[in-house]
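Colleague: The structure file coords_33.cif (mmCIF, C-alpha atoms) is provided below.
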data_entry
loop_
_atom_site.label_atom_id
_atom_site.label_comp_id
_atom_site.auth_asym_id
_atom_site.auth_seq_id
_atom_site.Cartn_x
_atom_site.Cartn_y
_atom_site.Cartn_z
CA MET G 989 168.46 115.30 77.94
CA ASN G 990 171.13 117.76 79.10
CA PHE G 991 173.06 117.11 75.89
CA ILE G 992 170.05 118.17 73.80
CA LYS G 993 169.43 121.21 76.00
CA ASN G 994 173.06 122.33 75.79
CA ASN G 995 173.43 121.81 72.06
CA LEU G 996 170.03 122.55 70.51
CA ALA G 997 170.92 126.21 69.87
CA ASN G 998 174.24 125.15 68.32
CA ALA G 999 172.40 122.71 66.04
CA VAL G 1000 170.16 125.56 64.86
CA THR G 1001 173.28 127.67 64.22
CA LEU G 1002 174.77 124.87 62.13
CA ALA G 1003 171.47 124.66 60.21
CA ASN G 1004 171.95 128.37 59.45
CA LEU G 1005 175.42 127.57 58.12
CA PHE G 1006 174.06 124.72 56.00
CA SER G 1007 171.33 126.93 54.55
CA GLY G 1008 173.82 129.70 53.76
CA SER G 1009 176.19 127.24 52.10
CA VAL G 1010 173.39 125.87 49.91
CA GLY G 1011 172.41 129.44 49.06
CA VAL G 1012 175.95 130.26 47.92
CA ILE G 1013 176.10 127.15 45.71
CA HIS G 1014 172.78 127.95 44.01
CA LEU G 1015 173.79 131.59 43.58
CA ILE G 1016 176.99 130.57 41.79
CA ASN G 1017 174.90 128.29 39.56
CA GLY G 1018 172.53 131.14 38.72
CA ASP G 1019 169.55 129.90 40.73
CA TYR G 1020 168.86 133.12 42.65
CA GLN G 1021 165.32 132.09 43.65
CA THR G 1022 166.57 129.13 45.66
CA THR G 1023 169.19 131.44 47.14
CA ALA G 1024 166.40 133.76 48.28
CA ILE G 1025 164.73 130.88 50.13
CA CYS G 1026 168.05 129.96 51.75
CA ILE G 1027 168.58 133.53 52.94
CA ILE G 1028 165.12 133.61 54.50
CA LEU G 1029 165.80 130.30 56.26
CA SER G 1030 169.17 131.55 57.50
CA LEU G 1031 167.58 134.74 58.86
CA ILE G 1032 164.96 132.72 60.76
CA LEU G 1033 167.54 130.27 62.11
CA ASP G 1034 169.90 133.10 63.07
CA PHE G 1035 167.13 134.65 65.15
CA PHE G 1036 166.05 131.43 66.82
CA ASP G 1037 169.49 130.12 67.81
CA GLY G 1038 169.95 133.04 70.21
CA PHE G 1039 166.33 132.85 71.33
CA ILE G 1040 166.67 129.14 72.11
CA ALA G 1041 169.99 129.63 73.91
CA ARG G 1042 168.47 132.28 76.18
CA ALA G 1043 165.25 130.33 76.77
CA MET G 1044 167.11 127.14 77.69
CA LYS G 1045 169.91 129.00 79.50
CA SER G 1046 172.48 127.26 77.34
CA ASN G 1047 174.51 130.32 76.30
CA SER G 1048 178.16 129.42 75.81
CA GLU G 1049 181.34 130.79 74.30
CA LEU G 1050 181.18 127.96 71.78
CA GLY G 1051 177.74 129.17 70.71
CA VAL G 1052 179.02 132.73 70.26
CA GLN G 1053 181.86 131.58 68.03
CA LEU G 1054 179.66 129.21 66.02
CA ASP G 1055 177.13 131.99 65.44
CA SER G 1056 179.75 134.29 63.91
CA LEU G 1057 181.27 131.51 61.80
CA ALA G 1058 177.85 130.56 60.43
CA ASP G 1059 176.99 134.21 59.76
CA MET G 1060 180.29 134.60 57.90
CA VAL G 1061 178.97 132.25 55.22
CA SER G 1062 175.26 133.14 55.22
CA PHE G 1063 175.71 136.90 55.58
CA GLY G 1064 179.36 137.43 54.64
CA LEU G 1065 180.37 135.18 51.77
CA LEU G 1066 176.92 135.17 50.17
CA PRO G 1067 176.53 138.96 49.67
CA GLY G 1068 180.12 139.10 48.42
CA ILE G 1069 179.24 136.50 45.78
CA VAL G 1070 176.18 138.58 44.83
CA MET G 1071 178.43 141.56 44.07
CA PHE G 1072 180.87 139.22 42.33
CA LYS G 1073 178.07 137.96 40.05
CA ALA G 1074 176.74 141.48 39.45
CA LEU G 1075 180.18 142.73 38.34
CA GLU G 1076 181.03 139.61 36.31
CA PRO G 1077 179.59 140.80 32.95
CA PHE G 1078 181.95 143.79 32.86
CA GLY G 1079 185.16 141.77 32.66
CA HIS G 1080 188.26 143.97 32.81
CA GLN G 1081 186.48 147.18 31.80
CA LEU G 1082 186.04 150.17 34.11
CA PHE G 1083 185.57 153.80 33.04
CA GLY G 1084 186.57 152.74 29.53
CA MET G 1085 189.92 151.42 30.73
CA GLU G 1086 191.25 147.89 30.41
CA LEU G 1087 192.34 146.76 33.87
CA PRO G 1088 194.85 143.93 34.51
CA PHE G 1089 192.24 142.04 36.56
CA GLU G 1090 188.52 141.29 36.33
CA ILE G 1091 186.59 143.82 38.39
CA LYS G 1092 184.20 141.16 39.70
CA TYR G 1093 186.75 140.33 42.41
CA LEU G 1094 186.20 143.79 43.92
CA GLY G 1095 182.75 142.57 44.99
CA LEU G 1096 184.44 140.27 47.50
CA PHE G 1097 185.40 143.30 49.59
CA VAL G 1098 181.89 142.94 51.01
CA THR G 1099 182.95 139.53 52.32
CA LEU G 1100 186.22 140.88 53.76
CA PHE G 1101 184.51 143.71 55.63
CA SER G 1102 181.71 141.40 56.80
CA CYS G 1103 184.39 139.21 58.40
CA LEU G 1104 185.98 142.24 60.02
CA ARG G 1105 182.59 143.45 61.24
CA LEU G 1106 181.78 140.08 62.86
CA ALA G 1107 185.18 139.97 64.60
CA ILE G 1108 184.71 143.50 65.95
CA PHE G 1109 181.21 142.61 67.17
CA ASN G 1110 182.52 139.62 69.12
CA LEU G 1111 185.00 141.82 70.96
CA ASP G 1112 182.62 144.73 71.64
CA ASP G 1113 180.49 144.56 74.79
CA GLU G 1114 178.76 147.84 73.94
CA GLN G 1115 176.48 146.46 71.20
CA THR G 1116 173.72 145.03 73.38
CA TYR G 1117 170.68 147.14 72.50
CA TYR G 1118 171.97 148.62 69.26
CA PHE G 1119 174.48 147.73 66.57
CA LYS G 1120 177.59 149.72 65.82
CA GLY G 1121 177.80 149.70 62.06
CA LEU G 1122 175.48 147.92 59.65
CA ASN G 1123 174.82 144.35 60.77
CA THR G 1124 175.61 141.60 58.27
CA PRO G 1125 172.05 140.22 57.87
CA SER G 1126 170.71 143.69 56.95
CA ASN G 1127 173.60 144.19 54.55
CA THR G 1128 172.82 140.84 52.90
CA ILE G 1129 169.13 141.67 52.55
CA LEU G 1130 170.00 145.02 50.96
CA ILE G 1131 172.52 143.64 48.46
CA PHE G 1132 170.56 140.54 47.52
CA GLY G 1133 167.28 142.50 47.52
CA LEU G 1134 168.66 144.86 44.88
CA TYR G 1135 169.95 141.93 42.82
CA TYR G 1136 166.73 139.93 43.15
CA ALA G 1137 164.54 142.89 42.12
CA TYR G 1138 166.78 143.48 39.11
CA LEU G 1139 166.66 139.86 37.95
CA GLU G 1140 162.91 139.54 38.58
CA ASN G 1141 161.64 142.69 36.89
CA GLU G 1142 164.68 144.80 35.90
CA SER G 1143 164.23 147.21 38.81
CA PHE G 1144 167.38 149.21 39.62
CA LYS G 1145 168.52 148.50 36.05
CA ALA G 1146 170.70 151.63 35.95
CA ILE G 1147 172.73 150.33 38.91
CA PHE G 1148 173.40 146.90 37.43
CA GLU G 1149 174.30 148.23 33.99
CA ASN G 1150 177.02 150.52 35.36
CA PRO G 1151 180.02 148.95 37.11
CA ALA G 1152 180.91 152.29 38.71
CA TYR G 1153 177.62 152.26 40.63
CA LEU G 1154 178.19 148.68 41.77
CA ILE G 1155 181.71 149.44 42.96
CA ALA G 1156 180.46 152.57 44.73
CA ILE G 1157 177.80 150.49 46.53
CA THR G 1158 180.48 147.93 47.47
CA ILE G 1159 182.69 150.65 48.96
CA ILE G 1160 179.87 152.40 50.84
CA LEU G 1161 178.43 149.19 52.32
CA SER G 1162 181.88 147.88 53.24
CA TRP G 1163 182.48 151.09 55.17
CA LEU G 1164 179.04 150.97 56.81
CA LEU G 1165 179.76 147.46 58.12
CA VAL G 1166 182.64 148.74 60.25
CA SER G 1167 181.49 152.33 60.75
CA PRO G 1168 180.81 153.87 64.20
CA ILE G 1169 177.24 154.73 63.18
CA LYS G 1170 174.71 153.24 65.62
CA MET G 1171 172.03 151.05 64.03
CA ILE G 1172 168.72 150.05 65.56
CA SER G 1173 168.45 146.60 67.15
CA LEU G 1174 165.10 144.99 67.89
CA LYS G 1175 166.26 143.92 71.35
CA PHE G 1176 164.18 145.71 73.99
CA LYS G 1177 165.79 147.22 77.09
CA SER G 1178 162.47 148.70 78.23
CA MET G 1179 158.84 148.22 77.20
CA LYS G 1180 158.04 151.93 77.60
CA LEU G 1181 156.87 153.49 74.34
CA GLN G 1182 159.07 156.57 74.74
CA ASP G 1183 162.14 154.33 74.97
CA ASN G 1184 161.28 152.57 71.73
CA TYR G 1185 160.38 155.32 69.26
CA PRO G 1186 163.22 154.31 66.89
CA LYS G 1187 161.98 150.70 66.78
CA VAL G 1188 158.36 151.77 66.27
CA ALA G 1189 159.34 154.12 63.45
CA LEU G 1190 161.43 151.36 61.89
CA VAL G 1191 158.72 148.69 61.98
CA ILE G 1192 155.99 150.98 60.64
CA GLY G 1193 158.19 152.32 57.84
CA VAL G 1194 159.36 148.87 56.77
CA LEU G 1195 155.81 147.51 56.67
CA VAL G 1196 154.61 150.45 54.57
CA LEU G 1197 157.46 150.03 52.07
CA LEU G 1198 156.89 146.28 51.74
CA ILE G 1199 153.13 146.73 51.25
CA LEU G 1200 153.52 149.52 48.69
CA PHE G 1201 156.50 148.22 46.69
CA LYS G 1202 156.53 144.45 47.38
CA THR G 1203 159.82 142.98 46.03
CA VAL G 1204 161.34 146.38 45.34
CA GLY G 1205 160.41 147.36 48.87
CA ILE G 1206 162.91 144.89 50.37
CA PRO G 1207 166.10 146.85 49.55
CA LEU G 1208 164.20 150.12 50.08
CA ALA G 1209 163.32 148.92 53.58
CA MET G 1210 166.99 148.33 54.35
CA LEU G 1211 167.88 151.81 53.08
CA TYR G 1212 165.13 153.18 55.31
CA TYR G 1213 166.61 151.19 58.21
CA ILE G 1214 169.96 152.92 57.70
CA LEU G 1215 168.28 156.34 57.38
CA ILE G 1216 166.08 155.98 60.46
CA SER G 1217 169.05 154.74 62.47
CA VAL G 1218 171.01 157.86 61.54
CA ILE G 1219 168.06 160.08 62.48
CA PHE G 1220 167.72 158.48 65.92
CA GLN G 1221 171.45 158.35 66.76
CA LYS G 1222 171.04 160.14 70.08
CA GLN G 1223 168.24 157.85 71.24
CA LEU G 1224 170.24 154.68 70.69
CA LYS G 1225 171.90 153.79 73.98
CA ALA G 1226 173.58 150.72 75.47
#
Could you write out this structure as structure tokens?

Modeller:
Amino acid sequence: MNFIKNNLANAVTLANLFSGSVGVIHLINGDYQTTAICIILSLILDFFDGFIARAMKSNSELGVQLDSLADMVSFGLLPGIVMFKALEPFGHQLFGMELPFEIKYLGLFVTLFSCLRLAIFNLDDEQTYYFKGLNTPSNTILIFGLYYAYLENESFKAIFENPAYLIAITIILSWLLVSPIKMISLKFKSMKLQDNYPKVALVIGVLVLLILFKTVGIPLAMLYYILISVIFQKQLKA
């Protein structure tokens, strides 16, 4: 019984890793709808592994390391592959120039900076009730949300038909992952309303965007998350 109690959260983390790995495989094969399901499953599992560990008092250093390693695939490799796929049609061409390499490999900078962001997070004790820099799950939702909306109904078509826009997004999001900008976390330090205005504003705004814009609202909600975090910088405290 103690074995199950001590390892249940780790099993959920490994399930997150499995789901992310399956999502990457289907993405490479062009099955983005299955990838979407895998991302949703990984997000749910990523939430519940920590919840289970706290509830069963089975937190461990092993669990911390496993969580980051699983996230590296589900929310690090996967969004990098999305940018890789998005840039793939442009071959060696950028700004009318013939480059000595295919520009799709630049999309993998998202993966590199996701890895760096996860390593920094593991060493930073400050990020308890807020994130420093854009967290990898939100980054994944934003990147894949844009790609999914484009493939489903050609939303954001201008972005995906111009490699310069895609590279610019890659650079900006890579920087945001390791930036010092504080981002809202849904962990509650206090249940007082005045201490949670950023979270309330975030939840209400996200719900409105999803209701109004449906699929397109997913990446818009992540952009709103970044914006509202910037607005409430002073209210975000450890």

Colleague: With all atoms listed in the file as the counted atoms, please give the residues lying no more than 7 Å from stretch 1132-1134 of chain G, apart from itself and same-chain residues fewer than 4 positions off, as a list of chain:residue names.

Modeller: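 That gives G:Pro1067, G:Val1070, G:Thr1128, G:Tyr1138, G:Phe1144, G:Ile1206, G:Pro1207.
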
Colleague: For a cutoff of 9 Å around the file-coordinate point (162.5, 148.1, 53.3), which residues qualify once you count only C-alpha atoms? I'd like the result as a list of chain:residue names.

Modeller: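 Looking at atoms near the point gives G:Leu1130, G:Gly1193, G:Val1194, G:Leu1195, G:Val1196, G:Leu1197, G:Leu1198, G:Phe1201, G:Val1204, G:Gly1205, G:Ile1206, G:Pro1207, G:Leu1208, G:Ala1209, G:Met1210, G:Leu1211, G:Tyr1212, G:Tyr1213.
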
Colleague: Residues at most 8 Å from G:Phe1101, counting all atoms listed in the file, excluding those fewer than 4 positions away in the same chain, as a list in words?

Modeller: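 Using all atoms listed in the file, the neighbours found are Phe1097, Arg1105, Ser1162, Trp1163, Leu1165 and Val1166 of chain G.
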
Colleague: Contacts of stretch 1002-1019 of chain G at 9 Å or less, counting all atoms listed in the file, minus same-chain residues fewer than 2 places along, as a PyMOL selection string?

Modeller: chain G and resi 997-1000+1021-1027+1029-1034+1037+1054-1055+1057-1063+1065-1067+1069-1070+1073

Colleague: Interatomic distance between atom CA of G:Thr1203 and atom CA of G:Ala1137?

Modeller: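 So the two atoms, atom CA of G:Thr1203 and atom CA of G:Ala1137, lie 6.1 Å apart.
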
Colleague: By how many Å are atom CA of G:Ala1152 and atom CA of G:Gly1079 apart?

Modeller: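 Atom CA of G:Gly1079 lies at a distance of 12.9 Å from atom CA of G:Ala1152.
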
Colleague: Could you please determine the separation between atom CA of G:Ile1160 and atom CA of G:Phe1148 in Å, to one decimal place?

Modeller: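 Taking atom CA of G:Ile1160 as the start and atom CA of G:Phe1148 as the end point, the length is 15.9 Å.
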
Colleague: I would like the residues chosen by the PyMOL selection byres ((chain G and resi 1092-1095) around 8) on the shown file; could you give them as a list in words?

Modeller: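 Checking the PyMOL selection byres ((chain G and resi 1092-1095) around 8) against this file, the residues are Gly1068, Ile1069, Val1070, Met1071, Phe1072, Lys1073, Ala1074, Leu1075, Glu1076, Phe1078, Gly1079, Glu1090, Ile1091, Leu1096, Phe1097, Val1098, Thr1099, Ile1155 and Thr1158 of chain G.
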
Colleague: Rank nothing, just name the residue among G:Gly1084, G:Gly1038, G:Pro1077, G:Gly1064 nearest to G:Leu1106, using all atoms listed in the file.

Modeller: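 Closest to G:Leu1106, using all atoms listed in the file: G:Gly1064.
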
Colleague: Quick one: of G:Asn995, G:Ser1167, G:Thr1124, G:Asn1150, who's nearest to G:Gln1081, counting only C-alpha atoms?

Modeller: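 Closest candidate: G:Asn1150.
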
Colleague: Might you pull out every residue within 8 Å of stretch 1042-1048 of chain G, with only C-alpha atoms counted and same-chain residues fewer than 2 positions away left off, and present them as a PDB file with C-alpha atoms, in the coordinates of the input?

Modeller:
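Saved to part.pdb:
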ATOM      1  CA  LYS G 993     169.430 121.210  76.000  1.00  0.00           C
ATOM      2  CA  ASN G 994     173.060 122.330  75.790  1.00  0.00           C
ATOM      3  CA  ASN G 995     173.430 121.810  72.060  1.00  0.00           C
ATOM      4  CA  ALA G 997     170.920 126.210  69.870  1.00  0.00           C
ATOM      5  CA  GLY G1038     169.950 133.040  70.210  1.00  0.00           C
ATOM      6  CA  PHE G1039     166.330 132.850  71.330  1.00  0.00           C
ATOM      7  CA  ILE G1040     166.670 129.140  72.110  1.00  0.00           C
ATOM      8  CA  LEU G1050     181.180 127.960  71.780  1.00  0.00           C
ATOM      9  CA  GLY G1051     177.740 129.170  70.710  1.00  0.00           C
ATOM     10  CA  VAL G1052     179.020 132.730  70.260  1.00  0.00           C
TER      11      VAL G1052
END

Colleague: Using the chain letters and numbers from the file, which residues does the PyMOL selection byres ((chain G and resi 1119) around 8) grab, as a PyMOL selection string?

Modeller: chain G and resi 1115-1118+1120-1123+1170-1173

Colleague: Convert the current residue selection to file output with C-alpha atoms, as a CSV table (one decimal), keeping the file's coordinate frame.

Modeller:
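Everything below was put into out-v6.csv:
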chain,number,residue,atom,x,y,z
G,1115,GLN,CA,176.5,146.5,71.2
G,1116,THR,CA,173.7,145.0,73.4
G,1117,TYR,CA,170.7,147.1,72.5
G,1118,TYR,CA,172.0,148.6,69.3
G,1120,LYS,CA,177.6,149.7,65.8
G,1121,GLY,CA,177.8,149.7,62.1
G,1122,LEU,CA,175.5,147.9,59.6
G,1123,ASN,CA,174.8,144.4,60.8
G,1170,LYS,CA,174.7,153.2,65.6
G,1171,MET,CA,172.0,151.0,64.0
G,1172,ILE,CA,168.7,150.0,65.6
G,1173,SER,CA,168.4,146.6,67.2
